[in-house]
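Structure, as structure tokens:
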Amino acid sequence: MKNLLFWKIKNRKQEAQLDHIGRELVRAASANREDLEAAHSAPFLYARIRAAVAKKQKADAEVRDFSFSMFAVMRHAVPMMIVIAFASVLLLFTGAFTAGMNTPDETATNFDRVVLDEDNLPLSSDEVLSTIIAGHHNDDDGEGDQR
Amino acid sequence: MCRAVTVNEVDDKSKVVPTTNSPPLHDTTESSDDALVAATLDGDETAFEQLFERHRRFVAHTAGRFFRRREQIEEIIQETFTKVYFALPSYRGAEGRSFPAWLRRIAVNTAYDELRRMQRHPESLVSELTEDETRWLDAQMHESSGVKDAEANVIARDLANKLLDRLDADDRLVLTLLDGEDCSTAEIARITGWSIAKVKVRAHRARKSLRRVLQKFM
């Protein structure tokens, strides 16, 4: 117990000594007077500050310009996109609505149109084959007549 | 109160009274700092130059607490005044705190940023102590106030930078403000924007770290 107390006191004394050296070191770490004088009276120091300020102002202005141009584009583009989207939705709905509201006559006309449209479809391979065979038959008939 | 700058509540020219007999860190003969700030905000470039001329020595002194190389101090002065220029609209003058206190805060934070940057990109590993440096440490350990000649100061400075480089930026900042600038914990809290409790904890840890570093070499 006595040893522990002695050790604690010794330890505390040593810590106090180390703290004292630490303080001395921190104070000693400062730059010397000549370096300080040289640093704050360096030539063109103010000119360098002005240049740094101007550079930052220019960079900020560029960022601002870019933001403004992006904003201008968005300001025009977004309403336009909304109008287009709205028009598309409107067209879709009106198309569906008119298809659903057809009268019987209109439905018949549409059916005719479908039939008519089917006539314009390209020939199927069966139709092509039958056309060729029919052509051969016609040729054969012609030769027989000549004979 | 932090060393060298005592804020006088009376509205004098620059609100600063030097505490020592050394040449004043602030020129107090012309218009007040607040007037110069207002003029700068109105677009008067010469007003900002006047502010710079008036306070550059003070900023160099603050930077010199953290860095010893002339180029580093110049860099901190430049960076600080550039930040000041853009932060002027947020300076509240008489409503808040004096211009030098506000300036010190910016300068200390700039130095702190630089310390952290240096820690991320260490330039060189800390070398072992020289014979002179070990002797200096021994002398300090065995006598509380030895004779301090110019040579001893140079040795102490080299040693200090070697050892303090081993601390992290937060520890170094707190110790420099506490022991180098003689700031109170409340002042450190104001400068750094930390809480008083955080400053106290940081200071305790910083002292412990420094003790550990010192013990390694003793």
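Naming scheme: A, B, ... for chains in displayed order of the structure tokens; residues 1 onward per chain; ligands 1 onward as shown.
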
As number ranges by chain, list the residues of stretch 48-142 of chain B assigned to alpha helix (DSSP H) by DSSP on the backbone atoms of this structure.
B: 48-66, 70-87, 99-120, 131-142

With a cut-off of 7 Å, could you pull out the residues of chain A touching chain B and give me the nearest pair of atoms for each, distance in Å to one decimal, using only C-alpha atoms, ordered by chain and ascending number, as a tab-separated table?
residue	atom	partner	partner_atom	distance
A:Gln17	CA	B:Met141	CA	6.6
A:Leu18	CA	B:Arg211	CA	5.8
A:Asp19	CA	B:Arg211	CA	6.7
A:Ile21	CA	B:Gln140	CA	6.4
A:Gly22	CA	B:Leu210	CA	6.6
A:Arg23	CA	B:Asp179	CA	5.7
A:Leu25	CA	B:Ala160	CA	4.9
A:Val26	CA	B:Gly180	CA	6.0
A:Arg27	CA	B:Gly180	CA	5.0
A:Ala28	CA	B:Arg157	CA	5.0
A:Ala29	CA	B:Arg157	CA	4.9
A:Ser30	CA	B:Arg65	CA	4.4
A:Ala31	CA	B:Arg68	CA	4.0
A:Asp35	CA	B:Arg70	CA	5.4
A:Leu36	CA	B:Ala60	CA	6.1
A:Ala39	CA	B:Glu74	CA	5.2
A:His40	CA	B:Arg57	CA	5.8
A:Ile49	CA	B:Gln78	CA	5.4
A:Ala52	CA	B:Thr82	CA	6.6
A:Val53	CA	B:Thr82	CA	5.8

One decimal, in Å: what's the spacing between atom CA of B:Arg104 and atom CA of A:Glu37?
18.1 Å

Name the residues in contact with B:Arg105 at a cut-off of 10 Å, using only C-alpha atoms, excluding same-chain residues fewer than 6 positions from it; report them as number ranges by chain.
B: 62, 80, 99, 111, 187-188, 190-193

Select, from B:Asp132, B:Asp33, B:Asp138, B:Arg117, the residue with the minimum atom-to-atom distance to B:Arg92, counting only C-alpha atoms.
B:Asp33
